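Asker: Please find model.txt (compact mmCIF, C-alpha atoms) on the next line:
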# COMPACT_ATOMS: atom_id res chain seq x y z
CA MET A 23 9.83 27.46 -51.49
CA ALA A 24 6.47 27.91 -49.94
CA SER A 25 6.27 29.84 -46.75
CA ARG A 26 5.68 27.82 -43.61
CA THR A 27 2.99 29.98 -42.11
CA ILE A 28 -0.21 28.27 -41.17
CA PRO A 29 -2.74 28.85 -43.93
CA ILE A 30 -5.75 30.76 -42.77
CA ARG A 31 -8.96 30.21 -44.54
CA PRO A 32 -9.62 33.34 -46.61
CA GLU A 33 -13.23 33.62 -45.51
CA ALA A 34 -12.15 33.63 -41.86
CA THR A 35 -9.80 36.58 -42.31
CA ARG A 36 -12.55 38.61 -43.84
CA SER A 37 -15.02 37.99 -41.02
CA GLN A 38 -14.99 39.35 -37.46
CA ALA A 39 -13.47 36.09 -36.29
CA PHE A 40 -11.44 35.81 -33.12
CA GLU A 41 -7.89 35.39 -34.34
CA TYR A 42 -5.49 36.48 -31.64
CA LEU A 43 -5.48 38.08 -28.25
CA THR A 44 -2.93 39.95 -26.24
CA THR A 45 -2.13 39.03 -22.67
CA LYS A 46 0.79 38.79 -20.32
CA LYS A 47 2.73 35.60 -20.05
CA ASP A 48 2.29 35.45 -16.28
CA GLU A 49 -1.44 35.94 -16.55
CA LEU A 50 -1.78 33.26 -19.20
CA VAL A 51 0.33 30.71 -17.34
CA GLY A 52 -1.32 31.57 -14.04
CA TRP A 53 -4.76 31.18 -15.59
CA ALA A 54 -3.77 27.75 -16.86
CA ARG A 55 -2.19 26.66 -13.63
CA LYS A 56 -4.92 27.79 -11.31
CA PHE A 57 -7.43 25.48 -12.98
CA SER A 58 -5.18 22.42 -13.03
CA LEU A 59 -4.31 21.86 -9.40
CA PHE A 60 -3.38 18.27 -8.72
CA PRO A 61 -3.63 17.76 -4.98
CA TYR A 62 -1.57 15.32 -2.99
CA PRO A 63 -3.64 14.57 0.12
CA PHE A 64 -1.31 14.11 3.09
CA VAL A 65 -4.10 12.83 5.28
CA THR A 66 -3.29 12.03 8.88
CA ALA A 67 -6.37 12.50 11.01
CA CYS A 68 -10.09 13.10 11.30
CA CYS A 69 -10.13 16.06 8.87
CA ALA A 70 -10.00 13.34 6.21
CA MET A 71 -13.75 12.90 6.63
CA GLU A 72 -14.27 16.51 5.65
CA PHE A 73 -11.80 16.11 2.83
CA MET A 74 -13.99 13.30 1.47
CA ALA A 75 -17.07 15.48 1.82
CA VAL A 76 -15.53 18.37 -0.07
CA SER A 77 -14.22 16.07 -2.78
CA SER A 78 -17.52 14.34 -3.39
CA SER A 79 -20.32 15.48 -5.62
CA PRO A 80 -22.35 17.83 -3.32
CA TYR A 81 -19.39 20.24 -3.01
CA ASP A 82 -17.29 19.00 -5.90
CA THR A 83 -13.82 20.48 -5.97
CA ASP A 84 -13.67 19.40 -9.61
CA ARG A 85 -15.34 22.71 -10.41
CA PHE A 86 -12.02 24.31 -9.54
CA GLY A 87 -9.95 21.76 -11.40
CA ALA A 88 -8.68 20.44 -8.09
CA ALA A 89 -10.40 17.10 -7.88
CA LEU A 90 -7.97 14.49 -9.09
CA PRO A 91 -5.69 13.43 -6.25
CA ARG A 92 -2.27 12.22 -7.26
CA PHE A 93 -0.84 9.74 -4.83
CA SER A 94 2.68 10.40 -5.92
CA PRO A 95 4.16 13.71 -4.81
CA ARG A 96 6.10 13.86 -8.06
CA GLN A 97 2.87 14.32 -10.02
CA ALA A 98 1.21 16.74 -7.63
CA ASP A 99 1.46 20.48 -7.29
CA LEU A 100 -0.82 21.11 -4.32
CA LEU A 101 0.09 19.51 -1.01
CA MET A 102 -2.99 19.33 1.19
CA VAL A 103 -1.92 18.58 4.75
CA VAL A 104 -5.14 17.25 6.25
CA GLY A 105 -4.89 16.69 9.99
CA THR A 106 -2.46 16.67 12.87
CA VAL A 107 1.22 16.25 12.13
CA THR A 108 3.32 14.79 14.92
CA HIS A 109 7.01 15.20 15.48
CA LYS A 110 7.49 11.57 14.53
CA GLN A 111 5.76 12.24 11.22
CA ALA A 112 7.45 15.54 10.42
CA PRO A 113 10.38 14.00 8.50
CA VAL A 114 7.87 12.21 6.24
CA LEU A 115 6.00 15.43 5.52
CA LEU A 116 9.25 17.23 4.74
CA LYS A 117 10.33 14.44 2.40
CA VAL A 118 7.00 14.50 0.56
CA TYR A 119 7.25 18.26 0.16
CA GLU A 120 10.79 18.06 -1.15
CA GLN A 121 9.81 15.38 -3.68
CA MET A 122 7.20 17.63 -5.28
CA CYS A 123 8.25 19.44 -8.45
CA GLU A 124 8.05 23.21 -8.80
CA PRO A 125 5.67 24.97 -8.99
CA LYS A 126 4.07 23.73 -5.78
CA TRP A 127 1.68 25.08 -3.23
CA VAL A 128 0.70 23.95 0.25
CA MET A 129 -2.67 24.11 1.94
CA ALA A 130 -2.95 23.64 5.71
CA PHE A 131 -6.31 21.93 6.02
CA GLY A 132 -7.83 22.20 9.49
CA VAL A 133 -6.69 23.91 12.64
CA CYS A 134 -4.20 21.20 13.62
CA ALA A 135 -2.18 21.64 10.46
CA THR A 136 -2.57 25.41 10.76
CA SER A 137 -1.43 25.95 14.33
CA GLY A 138 -1.54 22.68 16.23
CA GLY A 139 -5.08 23.42 17.32
CA PHE A 140 -5.89 22.29 20.80
CA TYR A 141 -2.74 20.21 21.04
CA GLN A 142 0.14 21.40 23.13
CA ASN A 143 2.07 18.33 24.13
CA TYR A 144 5.15 16.28 23.46
CA ALA A 145 3.81 14.81 20.24
CA ALA A 146 2.20 17.44 18.03
CA VAL A 147 3.86 19.95 15.72
CA LEU A 148 2.25 23.33 16.41
CA GLY A 149 1.55 24.17 12.79
CA ILE A 150 3.15 22.72 9.69
CA ASP A 151 4.55 26.14 8.76
CA ARG A 152 7.31 25.39 11.25
CA ILE A 153 8.51 22.76 8.79
CA ILE A 154 7.37 23.73 5.28
CA PRO A 155 6.08 27.00 3.78
CA VAL A 156 2.29 27.27 3.61
CA ASP A 157 0.31 29.23 1.01
CA VAL A 158 -3.22 29.06 2.35
CA TYR A 159 -4.56 28.24 5.78
CA VAL A 160 -8.02 26.76 6.27
CA PRO A 161 -8.88 26.79 9.99
CA GLY A 162 -11.73 24.88 11.55
CA CYS A 163 -12.07 21.64 13.46
CA PRO A 164 -12.88 20.33 10.94
CA PRO A 165 -13.39 23.13 8.38
CA ARG A 166 -16.72 23.36 6.64
CA PRO A 167 -16.59 22.38 2.96
CA GLU A 168 -17.40 26.00 2.12
CA MET A 169 -14.25 27.07 3.93
CA VAL A 170 -12.15 24.60 1.96
CA ILE A 171 -13.66 25.84 -1.29
CA ASP A 172 -12.95 29.41 -0.18
CA GLY A 173 -9.37 28.35 0.54
CA ILE A 174 -9.02 26.82 -2.91
CA MET A 175 -10.39 29.99 -4.49
CA GLN A 176 -7.98 32.14 -2.50
CA LEU A 177 -5.15 29.90 -3.63
CA GLN A 178 -6.35 30.26 -7.22
CA ASP A 179 -6.29 34.05 -6.83
CA LYS A 180 -2.79 33.83 -5.45
CA ILE A 181 -1.65 31.65 -8.37
CA ALA A 182 -3.28 34.00 -10.87
CA ARG A 183 -1.57 37.02 -9.38
CA SER A 184 1.91 35.58 -8.89
CA ARG A 185 4.83 35.41 -11.29
CA HIS A 186 5.39 32.22 -13.23
CA PRO A 187 8.94 32.00 -14.50
CA ILE A 188 9.23 29.32 -17.16
CA LEU A 189 12.60 29.53 -18.89
CA THR A 190 14.70 31.63 -16.56
CA LYS A 191 13.99 33.35 -13.31
CA ASP A 192 13.26 36.53 -15.27
CA PHE A 193 11.02 35.00 -17.92
CA MET B 29 -16.21 -17.54 40.36
CA LEU B 30 -15.76 -13.98 41.64
CA ASP B 31 -15.75 -15.14 45.26
CA ALA B 32 -13.19 -17.82 44.53
CA LEU B 33 -11.09 -15.25 42.69
CA GLN B 34 -11.26 -12.84 45.62
CA GLN B 35 -10.25 -15.53 48.09
CA ARG B 36 -7.41 -16.69 45.89
CA LEU B 37 -6.09 -13.15 45.46
CA GLU B 38 -6.26 -12.51 49.20
CA LEU B 39 -4.44 -15.77 49.76
CA ALA B 40 -1.68 -14.48 47.52
CA GLY B 41 -1.25 -11.45 49.76
CA GLY B 42 -3.33 -8.97 47.82
CA LYS B 43 -5.61 -6.23 49.11
CA VAL B 44 -8.79 -7.03 47.20
CA SER B 45 -11.84 -4.86 46.61
CA LEU B 46 -14.77 -4.94 44.24
CA LEU B 47 -15.35 -2.05 41.85
CA HIS B 48 -18.36 -2.15 39.53
CA GLY B 49 -18.31 -5.92 39.71
CA MET B 50 -14.62 -6.16 38.88
CA ALA B 51 -12.05 -7.51 41.31
CA VAL B 52 -9.26 -5.03 42.02
CA ALA B 53 -6.19 -6.32 43.82
CA GLU B 54 -3.21 -4.39 45.12
CA ILE B 55 -0.21 -6.65 45.34
CA ALA B 56 3.52 -6.39 45.91
CA PRO B 57 5.77 -6.21 42.84
CA ALA B 58 7.55 -9.41 43.87
CA ALA B 59 4.28 -11.36 43.87
CA LEU B 60 3.16 -10.12 40.46
CA VAL B 61 4.28 -12.92 38.14
CA GLY B 62 3.04 -15.58 40.54
CA VAL B 63 -0.41 -14.01 40.86
CA VAL B 64 -0.75 -13.54 37.12
CA GLY B 65 0.26 -17.14 36.59
CA VAL B 66 -2.51 -18.23 38.95
CA LEU B 67 -5.01 -16.00 37.16
CA ARG B 68 -4.07 -17.51 33.84
CA SER B 69 -3.94 -21.16 34.82
CA GLU B 70 -6.69 -21.44 37.46
CA PHE B 71 -9.17 -18.77 36.40
CA GLN B 72 -8.67 -18.77 32.61
CA PHE B 73 -7.73 -15.11 32.34
CA ASP B 74 -6.38 -15.72 28.87
CA LEU B 75 -6.47 -12.19 27.47
CA PHE B 76 -3.98 -9.56 28.59
CA LEU B 77 -5.78 -6.27 28.01
CA ASP B 78 -3.26 -3.62 28.93
CA VAL B 79 -0.56 -2.42 31.23
CA THR B 80 -0.31 1.23 32.11
CA ALA B 81 0.86 3.31 35.02
CA VAL B 82 -0.28 6.15 37.24
CA ASP B 83 2.13 8.82 38.39
CA TRP B 84 1.60 10.03 41.95
CA PRO B 85 4.10 12.85 42.46
CA GLY B 86 5.26 13.22 46.04
CA HIS B 87 4.34 9.72 47.10
CA ALA B 88 7.07 7.49 48.44
CA GLN B 89 6.16 4.85 45.88
CA ARG B 90 5.57 7.16 43.01
CA PHE B 91 4.37 4.86 40.22
CA GLU B 92 1.41 2.57 40.31
CA VAL B 93 1.58 -0.02 37.54
CA VAL B 94 -1.89 -1.19 36.54
CA TYR B 95 -2.71 -4.42 34.71
CA HIS B 96 -6.03 -5.55 33.25
CA PHE B 97 -6.90 -9.10 32.31
CA TYR B 98 -10.00 -10.60 30.73
CA SER B 99 -11.29 -14.13 30.84
CA THR B 100 -13.00 -15.19 27.64
CA ARG B 101 -14.29 -18.23 29.52
CA HIS B 102 -15.94 -16.43 32.42
CA PHE B 103 -16.50 -13.03 30.73
CA ALA B 104 -14.83 -11.38 33.70
CA ARG B 105 -12.18 -8.75 34.16
CA VAL B 106 -9.63 -8.26 36.87
CA ARG B 107 -7.34 -5.36 37.68
CA LEU B 108 -3.99 -5.69 39.38
CA LYS B 109 -2.07 -2.77 40.84
CA THR B 110 1.43 -2.67 42.16
CA ARG B 111 3.54 0.22 43.42
CA VAL B 112 7.18 0.97 42.60
CA THR B 113 9.48 3.79 43.57
CA GLU B 114 10.95 6.51 41.38
CA GLN B 115 14.51 5.38 42.11
CA ASP B 116 13.83 1.80 41.05
CA PRO B 117 10.76 1.67 38.79
CA THR B 118 11.18 -2.00 38.02
CA VAL B 119 8.62 -4.78 37.81
CA ASP B 120 8.93 -8.24 36.37
CA SER B 121 7.91 -8.71 32.77
CA LEU B 122 4.95 -10.89 31.84
CA ILE B 123 6.31 -12.06 28.50
CA THR B 124 6.68 -15.61 29.79
CA LEU B 125 2.91 -15.72 30.31
CA TYR B 126 1.56 -13.45 27.56
CA ASN B 127 3.41 -12.72 24.34
CA SER B 128 1.35 -9.58 23.83
CA ALA B 129 3.06 -8.12 26.88
CA ARG B 130 6.08 -7.37 24.72
CA PHE B 131 4.49 -4.42 22.93
CA MET B 132 2.38 -3.17 25.82
CA GLU B 133 5.35 -3.07 28.14
CA ARG B 134 7.27 -1.16 25.51
CA GLU B 135 4.54 1.47 25.43
CA CYS B 136 4.44 1.72 29.22
CA HIS B 137 8.22 2.08 29.22
CA ASP B 138 7.91 4.88 26.61
CA MET B 139 5.38 6.87 28.52
CA TYR B 140 6.30 6.32 32.17
CA GLY B 141 9.78 4.87 32.21
CA ILE B 142 8.74 1.70 33.98
CA VAL B 143 11.43 -0.93 33.50
CA PHE B 144 10.17 -4.45 32.86
CA ARG B 145 12.76 -6.94 34.00
CA GLY B 146 12.95 -9.76 31.50
CA ASN B 147 11.70 -7.82 28.49
CA ALA B 148 14.86 -7.39 26.46
CA ASP B 149 13.28 -5.23 23.77
CA LEU B 150 12.24 -1.95 25.40
CA ARG B 151 12.95 0.22 22.37
CA PRO B 152 10.55 3.15 21.77
CA ILE B 153 7.35 2.00 20.12
CA LEU B 154 5.19 5.13 20.01
CA LEU B 155 7.98 7.63 20.57
CA TYR B 156 11.05 7.88 18.38
CA GLU B 157 14.72 7.10 18.89
CA GLY B 158 16.43 9.94 20.64
CA PHE B 159 13.43 11.11 22.65
CA VAL B 160 14.59 12.18 26.10
CA GLY B 161 12.31 11.64 29.07
CA HIS B 162 8.92 10.05 29.57
CA PRO B 163 6.09 12.33 28.45
CA LEU B 164 3.24 11.04 30.60
CA ARG B 165 5.10 11.61 33.83
CA LYS B 166 3.69 14.57 35.67
CA ASP B 167 7.02 16.39 35.73
CA TYR B 168 7.39 16.36 31.95
CA PRO B 169 6.65 19.95 30.82
CA LYS B 170 3.66 20.04 28.53
CA ASP B 171 5.20 22.53 26.12
CA ARG B 172 8.52 20.77 25.73
CA GLU B 173 9.13 19.82 22.10
CA GLN B 174 11.74 17.49 20.70
CA PRO B 175 11.48 18.03 16.93
CA LEU B 176 13.14 15.66 14.50
CA VAL B 177 13.47 18.20 11.69
CA PRO B 178 14.90 21.69 12.15
CA TYR B 179 12.28 24.42 12.24
CA ARG B 180 12.17 27.06 9.52
CA THR B 181 13.46 30.39 10.70
The structure given in the file should be rewritten as structure tokens.
Answerer:
Amino acid sequence: MASRTIPIRPEATRSQAFEYLTTKKDELVGWARKFSLFPYPFVTACCAMEFMAVSSSPYDTDRFGAALPRFSPRQADLLMVVGTVTHKQAPVLLKVYEQMCEPKWVMAFGVCATSGGFYQNYAAVLGIDRIIPVDVYVPGCPPRPEMVIDGIMQLQDKIARSRHPILTKDF
Amino acid sequence: MLDALQQRLELAGGKVSLLHGMAVAEIAPAALVGVVGVLRSEFQFDLFLDVTAVDWPGHAQRFEVVYHFYSTRHFARVRLKTRVTEQDPTVDSLITLYNSARFMERECHDMYGIVFRGNADLRPILLYEGFVGHPLRKDYPKDREQPLVPYRT
């Protein structure tokens, strides 16, 4: 019975070829995940204009693997809350967040999503972190595209540094 | 047309003035539906623009309900004002004259608590079910929140 190992070409084993590398599981999975962010844009207000600017070719979030918006929360792993969230809308935001599969991250895009911004009235939620956990805050009214890109890069760093349990909570 | 409108509004018991070329009439709540009917039938004010209110805290008649109408025939606007008290903030509904009054009166009821007699559907339109109070009244605290989902602790 022949062994079931993958045959390696003999000339490759003799050369200085790149055959294997050692890494940590969390680093490998984090490296893969940080370049495959699928954002779900929860767009409610004027920050959407800046979201379009940062998505389009001059700034191009595709460089960070975060360009393809998924309009179903079940297929997304980055919830971008772009704009003001009102109390009437808060149940919708919570439902969208709960429908997303793990692992998931949340970006508060703009000062309204971050802290309510200049709103203090009967209608506005003073920051979406009162409702759902937030990983990265991008302030600004609206934020410059550079700030959004900086936020994406900070989120990538956070993903690369965090633990990524796959099978159990310990592995 | 403006002169005729002014005379007709004064005939109906209104206090009429001109503001930036627009007739402004202050009338009694009881005369409202009659005056609007005249505006619609005799002066072709066929577009109901909005109804809103002004809160004057401390005044005996606290709320001033403000109506705007536009005539697509004469390209003219008119503003009607009427005063109601806090104890009985009731005016007659205009839904018999303008169907669009249904939604606009709902919004005014949301924000100021004006009751429109004759409009059976005064459910919240911009606010949500369970909201207590009327947020555009001056005595509504600006930092009062009525969240629908529990906050994270």
Asker: Can you pull out the residues contacting Ile174 of chain A? Cut-off 9 Å, using only C-alpha atoms, and skip same-chain residues under 2 positions away; I want them as a list of chain:residue names.
Answerer: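 Listed by chain and then number, they are A:Thr83, A:Phe86, A:Ala88, A:Met129, A:Val158, A:Met169, A:Val170, A:Ile171, A:Asp172, A:Gln176, A:Leu177, A:Gln178, A:Asp179.
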Asker: Set out as a tab-separated table a contact list for chain B and chain A with a cut-off of 6 Å, giving each residue of chain B that qualifies its closest atom pair and distance in Å to one decimal, counting only C-alpha atoms, ordered by chain and rising residue number.
Answerer:
residue	atom	partner	partner_atom	distance
B:Lys170	CA	A:Asn143	CA	5.0
B:Asp171	CA	A:Asn143	CA	5.6
B:Glu173	CA	A:Tyr144	CA	5.5
B:Pro175	CA	A:His109	CA	5.5
B:Tyr179	CA	A:Arg152	CA	5.2
B:Arg180	CA	A:Arg152	CA	5.4
Asker: Write out as a Markdown table a residue-level contact list of segment 75-149 of chain A versus segment 50-71 of chain A with cut-off 8 Å: for each qualifying residue the closest pair of atoms and the distance in Å to one decimal, counting all atoms listed in the file, rows sorted by chain and residue number upward.
Answerer:
| residue | atom | partner | partner_atom | distance |
| --- | --- | --- | --- | --- |
| A:Ala75 | CA | A:Met71 | CA | 6.4 |
| A:Phe86 | CA | A:Phe57 | CA | 5.9 |
| A:Gly87 | CA | A:Phe57 | CA | 4.8 |
| A:Ala88 | CA | A:Leu59 | CA | 4.8 |
| A:Ala89 | CA | A:Phe60 | CA | 7.2 |
| A:Leu90 | CA | A:Phe60 | CA | 6.0 |
| A:Pro91 | CA | A:Pro61 | CA | 5.0 |
| A:Arg92 | CA | A:Tyr62 | CA | 5.3 |
| A:Phe93 | CA | A:Tyr62 | CA | 5.9 |
| A:Ser94 | CA | A:Tyr62 | CA | 7.1 |
| A:Pro95 | CA | A:Tyr62 | CA | 6.2 |
| A:Gln97 | CA | A:Phe60 | CA | 7.5 |
| A:Ala98 | CA | A:Phe60 | CA | 5.0 |
| A:Asp99 | CA | A:Phe60 | CA | 5.5 |
| A:Leu100 | CA | A:Pro61 | CA | 4.4 |
| A:Leu101 | CA | A:Tyr62 | CA | 4.9 |
| A:Met102 | CA | A:Pro63 | CA | 4.9 |
| A:Val103 | CA | A:Phe64 | CA | 4.8 |
| A:Val104 | CA | A:Val65 | CA | 4.6 |
| A:Gly105 | CA | A:Ala67 | CA | 4.6 |
| A:Thr106 | CA | A:Ala67 | CA | 6.0 |
| A:Val107 | CA | A:Thr66 | CA | 7.0 |
| A:Leu115 | CA | A:Phe64 | CA | 7.8 |
| A:Phe131 | CA | A:Cys69 | CA | 7.6 |
| A:Gly132 | CA | A:Cys69 | CA | 6.6 |
Asker: Between B:Arg151, B:Arg134, B:Arg111, B:Arg36, which residue has the minimum interatomic distance to Gln89 of chain B, considering all atoms listed in the file?
Answerer: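 Comparing B:Arg151, B:Arg134, B:Arg111, B:Arg36 against Gln89 of chain B, the winner is B:Arg111.
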Asker: At what distance in Å, to one decimal, does atom CA of Val93 of chain B lie from atom CA of Asp167 of chain B?
Answerer: 17.4 Å
Asker: Calculate how many Å separate atom CA of Tyr98 of chain B from atom CA of Ala58 of chain B, rounding to one decimal.
Answerer: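 These atoms are spaced 22.0 Å apart.
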Asker: Would you please work out which residue, of A:Asp82, A:Glu72, A:Glu124, A:Glu168, is nearest to Pro187 of chain A when using only C-alpha atoms?
Answerer: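 The answer is A:Glu124, which sits nearest to Pro187 of chain A.
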Asker: Would you mind reading off the distance between atom CA of Leu37 of chain B and atom CA of Ala53 of chain B, one decimal, in Å?
Answerer: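 Atom CA of Leu37 of chain B sits 7.0 Å away from atom CA of Ala53 of chain B.
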Asker: If I put a ball of radius 10 Å at (-2.8, -1.9, 28.6) in the file's coordinates, which residues poke into it when counting all atoms listed in the file, written as a list in words?
Answerer: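 Those within range, by chain then number, are Phe76, Leu77, Asp78, Val79, Thr80, Ala81, Val94, Tyr95, His96, Phe97, Ser128, Ala129, Phe131, Met132, Glu133, Glu135 and Cys136 of chain B.
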Asker: Using only C-alpha atoms and a cutoff of 7 Å, can you tell me which residues are near (-6.6, 25.7, 13.6) in the file's coordinates, and write them out as number ranges by chain?
Answerer: A: 132-139, 161-163
Asker: Pro117 of chain B: which residues within 10 Å, counting only C-alpha atoms, same-chain residues fewer than 4 positions away excluded, as a list in words?
Answerer: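 Near Pro117 of chain B, the qualifying residues are Gln89, Arg90, Phe91, Glu92, Val93, Arg111, Val112, Thr113, His137, Tyr140, Gly141, Ile142, Val143 and Phe144 of chain B.
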Asker: Find, counting only C-alpha atoms, the residue in B:Lys43, B:Arg68, B:Arg101, B:Arg172 that gets nearest to Ala56 of chain B.
Answerer: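 Ranking B:Lys43, B:Arg68, B:Arg101, B:Arg172 by distance to Ala56 of chain B, first place goes to B:Lys43.
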